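**Q** Dropping a structure here in structure tokens format, bear with me for questions.
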Amino acid sequence: MATRDPKTEALRVRIYRAMTPEQRIAIAARLFEDGVAIVRASILDAEPDIDDETLRQRVRERVLPRGLAREVREAMVRRGGE
């Protein structure tokens with residue numbers, strides 16, 4: 001892990017503390033969405049012919065905690081979605 005410059009770190013902390021909770025949540029949501037996009041792209045890179053439903057399932061398996069991904073898959077099967 002990179003060492004952070006103390007002055008830059010102090011500035012970053014001040015900026016985040018000045019933000020509203022909504023602004024911080026929006027940043028976290030964008031970071032999550034970017035992460036999902038990276039995971040999706042890496043799966044497509046490895047398997048360019050993957051079908052959409054399998055792609056969505058693989059993304060869920062890589063992004064969600066193992067137990068939650070399984071619960072989502074089982075719920076979708078019960079609903080007839082997979």
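Convention: chains lettered A, B, ... in structure tokens order; per-chain residue numbering from 1; ligands numbered from 1 as shown.
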Env of A:Arg40: 12 Å cut, atoms = only C-alpha atoms, seq-sep filter 6 positions within chain, self excluded. Answer as a PyMOL selection string.
**A** chain A and resi 33-34+46-48+50+52+54-63
**Q** I'd like to know which residues of chain A are helix (DSSP H, G or I) (by DSSP, run on the backbone); could you write them as JSON, numbers by chain?
**A** {"A": [6, 7, 8, 9, 10, 11, 12, 13, 14, 15, 16, 17, 18, 21, 22, 23, 24, 25, 26, 27, 28, 29, 30, 31, 32, 33, 34, 35, 36, 37, 38, 39, 40, 41, 42, 43, 44, 45, 46, 52, 53, 54, 55, 56, 57, 58, 59, 60, 61, 62, 63, 66, 67, 68, 69, 70, 71, 72, 73, 74, 75, 76, 77, 78, 79]}
**Q** May I have the selected residues written with C-alpha atoms, as a compact mmCIF listing (two decimals), in the first residue's frame?
**A**
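Full text of again38.txt as output:
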# COMPACT_ATOMS: atom_id res chain seq x y z
CA PRO A 6 0.44 13.76 5.64
CA LYS A 7 -0.51 17.18 4.20
CA THR A 8 -2.51 15.62 1.38
CA GLU A 9 -4.16 13.22 3.82
CA ALA A 10 -5.16 16.08 6.15
CA LEU A 11 -6.66 17.97 3.20
CA ARG A 12 -8.57 14.89 2.06
CA VAL A 13 -9.98 14.38 5.57
CA ARG A 14 -11.06 18.04 5.80
CA ILE A 15 -12.80 17.81 2.42
CA TYR A 16 -14.67 14.64 3.35
CA ARG A 17 -15.68 16.04 6.74
CA ALA A 18 -17.11 19.13 5.01
CA PRO A 21 -23.63 12.36 4.28
CA GLU A 22 -25.46 12.30 0.95
CA GLN A 23 -22.35 13.49 -0.89
CA ARG A 24 -20.20 10.80 0.76
CA ILE A 25 -22.78 8.12 -0.07
CA ALA A 26 -22.87 9.31 -3.69
CA ILE A 27 -19.08 8.94 -3.90
CA ALA A 28 -19.27 5.44 -2.42
CA ALA A 29 -22.04 4.48 -4.86
CA ARG A 30 -19.99 5.70 -7.83
CA LEU A 31 -16.95 3.76 -6.61
CA PHE A 32 -19.09 0.63 -6.26
CA GLU A 33 -20.55 1.08 -9.75
CA ASP A 34 -17.06 1.56 -11.17
CA GLY A 35 -15.93 -1.62 -9.40
CA VAL A 36 -18.85 -3.57 -10.85
CA ALA A 37 -17.99 -2.25 -14.32
CA ILE A 38 -14.39 -3.41 -13.91
CA VAL A 39 -15.52 -6.87 -12.78
CA ARG A 40 -17.96 -7.07 -15.71
CA ALA A 41 -15.25 -6.06 -18.18
CA SER A 42 -12.79 -8.61 -16.80
CA ILE A 43 -15.37 -11.40 -17.14
CA LEU A 44 -16.16 -10.33 -20.71
CA ASP A 45 -12.46 -10.19 -21.51
CA ALA A 46 -12.02 -13.79 -20.35
CA ASP A 52 -26.18 -11.92 -20.56
CA GLU A 53 -27.77 -13.93 -17.76
CA THR A 54 -24.60 -15.88 -17.03
CA LEU A 55 -22.65 -12.62 -17.08
CA ARG A 56 -25.02 -11.07 -14.52
CA GLN A 57 -24.74 -14.19 -12.35
CA ARG A 58 -20.92 -14.15 -12.49
CA VAL A 59 -20.83 -10.45 -11.62
CA ARG A 60 -23.08 -11.08 -8.59
CA GLU A 61 -20.86 -13.97 -7.50
CA ARG A 62 -17.75 -11.78 -7.64
CA VAL A 63 -19.22 -8.61 -6.14
CA ARG A 66 -20.65 -15.60 -1.09
CA GLY A 67 -23.72 -16.29 1.06
CA LEU A 68 -25.65 -13.33 -0.29
CA ALA A 69 -24.86 -14.21 -3.91
CA ARG A 70 -26.21 -17.71 -3.26
CA GLU A 71 -29.39 -16.30 -1.65
CA VAL A 72 -29.96 -13.99 -4.62
CA ARG A 73 -29.48 -16.87 -7.07
CA GLU A 74 -31.90 -19.09 -5.12
CA ALA A 75 -34.51 -16.32 -4.91
CA MET A 76 -34.25 -15.72 -8.64
CA VAL A 77 -34.68 -19.42 -9.34
CA ARG A 78 -37.81 -19.46 -7.13
CA ARG A 79 -39.17 -16.51 -9.11
